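Asks: This is start_9.pdb, which holds PDB, C-alpha atoms and all ligand atoms:
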ATOM      1  CA  MET T  18     148.829-117.859 217.011  1.00  0.00           C
ATOM      2  CA  THR T  19     145.171-118.899 216.775  1.00  0.00           C
ATOM      3  CA  THR T  20     142.410-116.347 217.377  1.00  0.00           C
ATOM      4  CA  PRO T  21     140.340-117.250 220.461  1.00  0.00           C
ATOM      5  CA  LEU T  22     136.753-118.257 219.765  1.00  0.00           C
ATOM      6  CA  PRO T  23     134.029-115.755 220.669  1.00  0.00           C
ATOM      7  CA  PRO T  24     132.229-116.876 223.875  1.00  0.00           C
ATOM      8  CA  TRP T  25     128.956-117.615 222.053  1.00  0.00           C
ATOM      9  CA  ARG T  26     130.675-120.289 219.943  1.00  0.00           C
ATOM     10  CA  GLN T  27     131.080-122.572 222.957  1.00  0.00           C
ATOM     11  CA  LEU T  28     127.443-121.980 223.986  1.00  0.00           C
ATOM     12  CA  LEU T  29     126.221-122.734 220.458  1.00  0.00           C
ATOM     13  CA  ARG T  30     128.329-125.867 220.351  1.00  0.00           C
ATOM     14  CA  GLY T  31     126.899-127.054 223.669  1.00  0.00           C
ATOM     15  CA  ALA T  32     123.326-126.413 222.517  1.00  0.00           C
ATOM     16  CA  ARG T  33     123.980-128.236 219.223  1.00  0.00           C
ATOM     17  CA  GLN T  34     125.476-131.200 221.089  1.00  0.00           C
ATOM     18  CA  ARG T  35     122.283-131.508 223.114  1.00  0.00           C
ATOM     19  CA  GLU T  36     120.423-132.136 219.841  1.00  0.00           C
ATOM     20  CA  GLY T  37     122.368-135.395 219.488  1.00  0.00           C
ATOM     21  CA  ARG T  38     121.790-136.845 216.029  1.00  0.00           C
ATOM     22  CA  SER T  39     118.729-134.690 215.372  1.00  0.00           C
ATOM     23  CA  PRO T  40     118.999-132.829 212.049  1.00  0.00           C
ATOM     24  CA  ALA T  41     117.780-129.698 213.880  1.00  0.00           C
ATOM     25  CA  ALA T  42     121.388-129.261 215.022  1.00  0.00           C
ATOM     26  CA  ARG T  43     122.304-128.366 211.422  1.00  0.00           C
ATOM     27  CA  TRP T  44     119.233-126.456 210.258  1.00  0.00           C
ATOM     28  CA  LEU T  45     119.000-122.714 210.498  1.00  0.00           C
ATOM     29  CA  GLN T  46     116.907-119.991 208.916  1.00  0.00           C
ATOM     30  CA  LEU T  47     118.440-117.366 206.674  1.00  0.00           C
ATOM     31  CA  ALA T  48     116.607-114.050 206.353  1.00  0.00           C
ATOM     32  CA  THR T  49     117.399-111.721 203.473  1.00  0.00           C
ATOM     33  CA  THR T  50     115.845-108.600 201.995  1.00  0.00           C
ATOM     34  CA  ALA T  51     114.371-108.657 198.502  1.00  0.00           C
ATOM     35  CA  PRO T  52     115.125-105.758 196.149  1.00  0.00           C
ATOM     36  CA  ASP T  53     111.615-104.353 196.841  1.00  0.00           C
ATOM     37  CA  GLY T  54     112.460-104.158 200.568  1.00  0.00           C
ATOM     38  CA  THR T  55     110.233-107.050 201.654  1.00  0.00           C
ATOM     39  CA  PRO T  56     111.661-109.866 203.819  1.00  0.00           C
ATOM     40  CA  ARG T  57     112.492-113.435 202.730  1.00  0.00           C
ATOM     41  CA  VAL T  58     113.319-116.372 204.991  1.00  0.00           C
ATOM     42  CA  ARG T  59     114.148-120.022 204.383  1.00  0.00           C
ATOM     43  CA  THR T  60     115.881-123.004 205.986  1.00  0.00           C
ATOM     44  CA  LEU T  61     119.432-124.012 205.054  1.00  0.00           C
ATOM     45  CA  VAL T  62     121.941-126.568 206.282  1.00  0.00           C
ATOM     46  CA  PHE T  63     124.873-125.243 208.313  1.00  0.00           C
ATOM     47  CA  ARG T  64     128.054-126.323 206.489  1.00  0.00           C
ATOM     48  CA  GLY T  65     130.710-125.357 208.995  1.00  0.00           C
ATOM     49  CA  TRP T  66     132.903-122.585 210.370  1.00  0.00           C
ATOM     50  CA  ALA T  67     135.604-121.011 208.225  1.00  0.00           C
ATOM     51  CA  GLY T  68     136.883-118.870 211.117  1.00  0.00           C
ATOM     52  CA  PRO T  69     135.827-117.768 214.621  1.00  0.00           C
ATOM     53  CA  ALA T  70     132.892-115.758 213.219  1.00  0.00           C
ATOM     54  CA  LEU T  71     132.715-116.978 209.593  1.00  0.00           C
ATOM     55  CA  LEU T  72     129.796-119.246 208.795  1.00  0.00           C
ATOM     56  CA  ASP T  73     129.431-121.264 205.596  1.00  0.00           C
ATOM     57  CA  LEU T  74     126.238-122.193 203.762  1.00  0.00           C
ATOM     58  CA  LEU T  75     125.767-123.707 200.312  1.00  0.00           C
ATOM     59  CA  THR T  76     123.166-122.840 197.743  1.00  0.00           C
ATOM     60  CA  ASP T  77     122.200-122.835 194.095  1.00  0.00           C
ATOM     61  CA  GLY T  78     123.403-119.716 192.309  1.00  0.00           C
ATOM     62  CA  ARG T  79     120.170-119.633 190.321  1.00  0.00           C
ATOM     63  CA  SER T  80     118.029-119.258 193.459  1.00  0.00           C
ATOM     64  CA  SER T  81     116.386-115.981 194.457  1.00  0.00           C
ATOM     65  CA  LYS T  82     118.577-115.491 197.520  1.00  0.00           C
ATOM     66  CA  LEU T  83     121.571-114.702 195.291  1.00  0.00           C
ATOM     67  CA  SER T  84     119.978-111.643 193.724  1.00  0.00           C
ATOM     68  CA  GLU T  85     118.657-110.609 197.142  1.00  0.00           C
ATOM     69  CA  LEU T  86     122.160-110.810 198.630  1.00  0.00           C
ATOM     70  CA  ALA T  87     123.641-108.903 195.696  1.00  0.00           C
ATOM     71  CA  HIS T  88     121.184-106.128 196.447  1.00  0.00           C
ATOM     72  CA  GLN T  89     121.518-106.305 200.272  1.00  0.00           C
ATOM     73  CA  PRO T  90     124.403-108.365 201.721  1.00  0.00           C
ATOM     74  CA  ALA T  91     123.226-107.921 205.335  1.00  0.00           C
ATOM     75  CA  VAL T  92     121.426-110.958 206.769  1.00  0.00           C
ATOM     76  CA  GLU T  93     120.052-112.419 209.942  1.00  0.00           C
ATOM     77  CA  LEU T  94     120.212-116.126 210.733  1.00  0.00           C
ATOM     78  CA  CYS T  95     118.009-117.820 213.291  1.00  0.00           C
ATOM     79  CA  TRP T  96     119.107-121.115 214.813  1.00  0.00           C
ATOM     80  CA  LEU T  97     116.625-122.856 217.104  1.00  0.00           C
ATOM     81  CA  LEU T  98     118.026-125.651 219.253  1.00  0.00           C
ATOM     82  CA  PRO T  99     114.842-127.086 220.760  1.00  0.00           C
ATOM     83  CA  ARG T 100     116.384-129.514 223.277  1.00  0.00           C
ATOM     84  CA  ALA T 101     118.402-126.693 224.832  1.00  0.00           C
ATOM     85  CA  ARG T 102     115.345-124.425 224.454  1.00  0.00           C
ATOM     86  CA  SER T 103     117.732-121.917 222.952  1.00  0.00           C
ATOM     87  CA  GLN T 104     117.388-119.457 220.098  1.00  0.00           C
ATOM     88  CA  PHE T 105     120.503-117.957 218.537  1.00  0.00           C
ATOM     89  CA  ARG T 106     120.079-114.946 216.265  1.00  0.00           C
ATOM     90  CA  LEU T 107     123.140-114.139 214.233  1.00  0.00           C
ATOM     91  CA  ARG T 108     123.597-110.934 212.278  1.00  0.00           C
ATOM     92  CA  GLY T 109     126.172-110.577 209.578  1.00  0.00           C
ATOM     93  CA  ALA T 110     126.934-109.872 205.972  1.00  0.00           C
ATOM     94  CA  LEU T 111     127.954-111.836 202.924  1.00  0.00           C
ATOM     95  CA  LEU T 112     131.699-111.937 202.484  1.00  0.00           C
ATOM     96  CA  GLN T 113     132.885-111.326 198.940  1.00  0.00           C
ATOM     97  CA  LEU T 114     135.296-114.118 198.043  1.00  0.00           C
ATOM     98  CA  SER T 115     137.090-114.414 194.742  1.00  0.00           C
ATOM     99  CA  GLY T 116     139.934-116.024 192.876  1.00  0.00           C
ATOM    100  CA  GLU T 117     141.808-119.190 193.718  1.00  0.00           C
ATOM    101  CA  ALA T 118     140.854-119.092 197.414  1.00  0.00           C
ATOM    102  CA  LEU T 119     137.163-119.172 196.533  1.00  0.00           C
ATOM    103  CA  GLU T 120     137.614-122.044 194.047  1.00  0.00           C
ATOM    104  CA  GLN T 121     139.480-124.092 196.657  1.00  0.00           C
ATOM    105  CA  GLN T 122     136.810-123.514 199.274  1.00  0.00           C
ATOM    106  CA  ARG T 123     133.999-124.379 196.857  1.00  0.00           C
ATOM    107  CA  LEU T 124     135.776-127.587 195.820  1.00  0.00           C
ATOM    108  CA  HIS T 125     136.360-128.513 199.436  1.00  0.00           C
ATOM    109  CA  HIS T 126     132.612-128.271 200.130  1.00  0.00           C
ATOM    110  CA  TRP T 127     131.658-130.030 196.871  1.00  0.00           C
ATOM    111  CA  ASP T 128     133.934-132.980 197.707  1.00  0.00           C
ATOM    112  CA  GLN T 129     132.505-133.238 201.207  1.00  0.00           C
ATOM    113  CA  LEU T 130     128.902-133.637 200.014  1.00  0.00           C
ATOM    114  CA  SER T 131     127.291-137.048 199.756  1.00  0.00           C
ATOM    115  CA  SER T 132     126.291-138.151 196.255  1.00  0.00           C
ATOM    116  CA  GLY T 133     122.649-137.527 197.225  1.00  0.00           C
ATOM    117  CA  GLY T 134     123.448-134.111 198.660  1.00  0.00           C
ATOM    118  CA  ARG T 135     125.218-133.091 195.448  1.00  0.00           C
ATOM    119  CA  ALA T 136     122.308-134.129 193.235  1.00  0.00           C
ATOM    120  CA  VAL T 137     120.132-131.074 193.888  1.00  0.00           C
ATOM    121  CA  TRP T 138     122.651-128.946 191.956  1.00  0.00           C
ATOM    122  CA  ALA T 139     121.874-131.061 188.875  1.00  0.00           C
ATOM    123  CA  TRP T 140     118.165-130.254 189.074  1.00  0.00           C
ATOM    124  CA  PRO T 141     116.494-127.680 186.803  1.00  0.00           C
ATOM    125  CA  HIS T 142     116.363-123.985 187.684  1.00  0.00           C
ATOM    126  CA  PRO T 143     114.919-123.687 191.238  1.00  0.00           C
ATOM    127  CA  GLY T 144     111.693-121.748 191.618  1.00  0.00           C
ATOM    128  CA  GLN T 145     110.705-122.009 187.939  1.00  0.00           C
ATOM    129  CA  PRO T 146     107.436-123.747 186.938  1.00  0.00           C
ATOM    130  CA  LEU T 147     107.802-127.535 187.325  1.00  0.00           C
ATOM    131  CA  ASP T 148     109.404-129.065 184.236  1.00  0.00           C
ATOM    132  CA  ARG T 149     107.894-132.568 184.079  1.00  0.00           C
ATOM    133  CA  GLN T 150     110.250-133.591 181.253  1.00  0.00           C
ATOM    134  CA  ALA T 151     113.386-132.634 183.192  1.00  0.00           C
ATOM    135  CA  GLY T 152     115.478-135.180 185.051  1.00  0.00           C
ATOM    136  CA  PHE T 153     115.821-134.883 188.828  1.00  0.00           C
ATOM    137  CA  ALA T 154     118.928-136.942 189.590  1.00  0.00           C
ATOM    138  CA  ALA T 155     118.886-138.789 192.924  1.00  0.00           C
ATOM    139  CA  ALA T 156     122.677-138.963 193.160  1.00  0.00           C
ATOM    140  CA  LEU T 157     125.817-137.542 191.569  1.00  0.00           C
ATOM    141  CA  PRO T 158     128.846-139.829 191.915  1.00  0.00           C
ATOM    142  CA  ASP T 159     132.215-138.750 193.320  1.00  0.00           C
ATOM    143  CA  GLY T 160     134.266-137.054 190.627  1.00  0.00           C
ATOM    144  CA  THR T 161     131.288-135.225 189.101  1.00  0.00           C
ATOM    145  CA  PRO T 162     132.565-131.774 188.071  1.00  0.00           C
ATOM    146  CA  MET T 163     131.400-128.920 190.269  1.00  0.00           C
ATOM    147  CA  PRO T 164     128.622-126.934 188.527  1.00  0.00           C
ATOM    148  CA  VAL T 165     129.060-123.171 188.101  1.00  0.00           C
ATOM    149  CA  HIS T 166     125.890-122.568 190.091  1.00  0.00           C
ATOM    150  CA  PHE T 167     127.288-124.395 193.133  1.00  0.00           C
ATOM    151  CA  VAL T 168     127.630-121.375 195.410  1.00  0.00           C
ATOM    152  CA  LEU T 169     129.375-120.990 198.737  1.00  0.00           C
ATOM    153  CA  LEU T 170     127.820-118.319 200.939  1.00  0.00           C
ATOM    154  CA  ARG T 171     130.248-117.195 203.615  1.00  0.00           C
ATOM    155  CA  PHE T 172     128.915-114.788 206.208  1.00  0.00           C
ATOM    156  CA  VAL T 173     130.983-112.658 208.524  1.00  0.00           C
ATOM    157  CA  LEU T 174     129.045-112.381 211.774  1.00  0.00           C
ATOM    158  CA  SER T 175     128.932-109.107 213.678  1.00  0.00           C
ATOM    159  CA  GLN T 176     126.354-109.761 216.386  1.00  0.00           C
ATOM    160  CA  VAL T 177     124.975-112.825 218.139  1.00  0.00           C
ATOM    161  CA  GLU T 178     122.032-112.895 220.500  1.00  0.00           C
ATOM    162  CA  LEU T 179     121.011-115.891 222.610  1.00  0.00           C
ATOM    163  CA  LEU T 180     117.658-116.429 224.306  1.00  0.00           C
ATOM    164  CA  GLU T 181     117.426-119.385 226.680  1.00  0.00           C
ATOM    165  CA  LEU T 182     114.009-120.476 227.906  1.00  0.00           C
ATOM    166  CA  GLU T 183     115.324-122.912 230.513  1.00  0.00           C
ATOM    167  CA  GLY T 184     114.953-121.542 234.032  1.00  0.00           C
ATOM    168  CA  HIS T 185     113.041-118.564 235.373  1.00  0.00           C
ATOM    169  CA  PRO T 186     113.239-115.885 234.204  1.00  0.00           C
ATOM    170  CA  HIS T 187     114.373-116.543 230.658  1.00  0.00           C
ATOM    171  CA  ARG T 188     117.933-115.477 229.929  1.00  0.00           C
ATOM    172  CA  ARG T 189     118.937-113.155 227.090  1.00  0.00           C
ATOM    173  CA  ARG T 190     122.490-112.197 226.136  1.00  0.00           C
ATOM    174  CA  ARG T 191     124.158-110.374 223.263  1.00  0.00           C
ATOM    175  CA  TRP T 192     127.688-110.225 221.907  1.00  0.00           C
ATOM    176  CA  CYS T 193     128.986-107.758 219.298  1.00  0.00           C
ATOM    177  CA  SER T 194     132.229-108.074 217.347  1.00  0.00           C
ATOM    178  CA  GLN T 195     132.667-104.292 217.692  1.00  0.00           C
ATOM    179  CA  SER T 196     133.028-104.706 221.457  1.00  0.00           C
ATOM    180  CA  GLN T 197     135.363-107.738 221.153  1.00  0.00           C
ATOM    181  CA  TRP T 198     132.390-110.069 221.721  1.00  0.00           C
ATOM    182  CA  CYS T 199     131.980-108.750 225.262  1.00  0.00           C
ATOM    183  CA  GLU T 200     128.791-110.198 226.798  1.00  0.00           C
ATOM    184  CA  GLN T 201     125.844-107.893 227.436  1.00  0.00           C
ATOM    185  CA  THR T 202     122.904-109.214 229.476  1.00  0.00           C
ATOM    186  CA  LEU T 203     119.426-108.101 228.415  1.00  0.00           C
ATOM    187  CA  ASN T 204     115.879-108.324 229.682  1.00  0.00           C
ATOM    188  CA  PRO T 205     114.327-111.370 228.077  1.00  0.00           C
TER     189      PRO T 205
HETATM  190  C1  LIG T 301     115.604-128.903 206.052  1.00  0.00           C
HETATM  191  C2  LIG T 301     115.927-128.061 204.834  1.00  0.00           C
HETATM  192  C3  LIG T 301     117.258-127.858 204.495  1.00  0.00           C
HETATM  193  C4  LIG T 301     117.562-127.071 203.371  1.00  0.00           C
HETATM  194  N1  LIG T 301     118.886-126.836 203.076  1.00  0.00           N
HETATM  195  C5  LIG T 301     119.207-126.006 202.051  1.00  0.00           C
HETATM  196  C6  LIG T 301     120.565-125.656 201.786  1.00  0.00           C
HETATM  197  O1  LIG T 301     121.514-126.081 202.463  1.00  0.00           O
HETATM  198  N2  LIG T 301     120.800-124.812 200.749  1.00  0.00           N
HETATM  199  C7  LIG T 301     119.797-124.285 199.997  1.00  0.00           C
HETATM  200  O2  LIG T 301     120.097-123.506 199.093  1.00  0.00           O
HETATM  201  N3  LIG T 301     118.511-124.597 200.217  1.00  0.00           N
HETATM  202  C8  LIG T 301     118.179-125.442 201.227  1.00  0.00           C
HETATM  203  N4  LIG T 301     116.870-125.749 201.486  1.00  0.00           N
HETATM  204  C9  LIG T 301     115.828-125.179 200.606  1.00  0.00           C
HETATM  205  C10 LIG T 301     115.551-123.712 201.000  1.00  0.00           C
HETATM  206  O3  LIG T 301     114.839-123.668 202.221  1.00  0.00           O
HETATM  207  C11 LIG T 301     114.800-122.932 199.907  1.00  0.00           C
HETATM  208  O4  LIG T 301     113.568-123.545 199.665  1.00  0.00           O
HETATM  209  C12 LIG T 301     115.599-122.854 198.609  1.00  0.00           C
HETATM  210  O5  LIG T 301     116.967-122.605 198.869  1.00  0.00           O
HETATM  211  C13 LIG T 301     115.036-121.752 197.711  1.00  0.00           C
HETATM  212  O6  LIG T 301     115.108-120.538 198.413  1.00  0.00           O
HETATM  213  P1  LIG T 301     115.014-119.110 197.723  1.00  0.00           P
HETATM  214  O7  LIG T 301     114.034-119.227 196.600  1.00  0.00           O
HETATM  215  O8  LIG T 301     114.571-118.205 198.801  1.00  0.00           O
HETATM  216  O9  LIG T 301     116.387-118.741 197.200  1.00  0.00           O
HETATM  217  C14 LIG T 301     116.532-126.522 202.584  1.00  0.00           C
HETATM  218  C15 LIG T 301     115.200-126.738 202.942  1.00  0.00           C
HETATM  219  C16 LIG T 301     114.914-127.496 204.051  1.00  0.00           C
HETATM  220  C17 LIG T 301     113.456-127.717 204.421  1.00  0.00           C
END
Let's see the structure in the file written out as structure tokens.
Ligand SMILES: Cc1cc2nc3c(=O)[nH]c(=O)nc-3n(C[C@H](O)[C@H](O)[C@H](O)COP(=O)(O)O)c2cc1C

Replies:
Amino acid sequence: MTTPLPPWRQLLRGARQREGRSPAARWLQLATTAPDGTPRVRTLVFRGWAGPALLDLLTDGRSSKLSELAHQPAVELCWLLPRARSQFRLRGALLQLSGEALEQQRLHHWDQLSSGGRAVWAWPHPGQPLDRQAGFAAALPDGTPMPVHFVLLRFVLSQVELLELEGHPHRRRRWCSQSQWCEQTLNP
């Protein structure tokens, strides 16, 4: 038996569809907490759903966000879908994956990338001073072995909040996994 999708999944899908071919449909912001307690935020590409409330992102294991997540696995993601004038805020935590299942999932994502998309994992250590001698590959052909620092970030979502600016007044709703994703309406 398949688990039913939380109600916000259909709304998010509809808002993403309204973006058409715009890359905004796949870009979201990931907020983490640095070990000193200060916030960090950056844009990532949405890589798909691994379950009703499991969201996949890909990153470089040498980037700062990995040490931030090791220190504090709780995150917030912000997904702005401008054509639908909708903002989704998703709270969750990094899921600890290991073993054969993790390797399979990583490989699945690695194989799905375009040769250009894969290339960034062949670049020198992100965030270090620019190394002008280093090579910055533009493409990595199919069959290139997956680097160890190719990291799958899988987040288990526990709360989703949607703000829609279309109509008057604005509309704000929240769903929590704890309450079986039951919809709560809020003042905007
Ligand atoms: C449109 C866009 C998409 C991006 N997609 C990703 C991505 O999928 N994964 C990733 O690790 N970084 C991605 N980045 C780069 C990150 O925003 C960030 O600069 C990088 O991951 C380093 O972040 P950190 O130092 O906070 O770890 C993207 C940047 C932009 C502007």

Asks: Run through the PyMOL selection byres (((chain T and resi 190-202) around 7) and not hetatm) on the given coordinates and return the selected residues as an MDAnalysis selection string.

Replies: chainID T and resid 23 175:180 188:189 203

Asks: Could you give me the residues within 9 Å of ligand LIG 301 (chain T), counting all atoms listed in the file, as JSON, numbers by chain?

Replies: {"T": [40, 41, 43, 44, 45, 46, 47, 48, 49, 57, 58, 59, 60, 61, 62, 63, 64, 74, 75, 76, 77, 78, 79, 80, 81, 82, 83, 84, 85, 143, 144, 168]}

Asks: Expanded to explicit residues, what is the PyMOL selection byres (((chain T and resi 129) around 12) and not hetatm) for this file, as a ChimeraX atom specification?

Replies: /T:64-65,75,122-128,130-135,158-160,163

Asks: Can you tell me how far CA of Leu72 (chain T) sits from CA of His166 (chain T), in Å to one decimal?

Replies: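 Taking CA of Leu72 (chain T) and CA of His166 (chain T), their separation equals 19.4 Å.
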
Asks: Quick one: pull the distance between CA of Phe153 (chain T) and CA of Ala139 (chain T), Å, one decimal.

Replies: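 Taking CA of Phe153 (chain T) and CA of Ala139 (chain T), their separation equals 7.2 Å.
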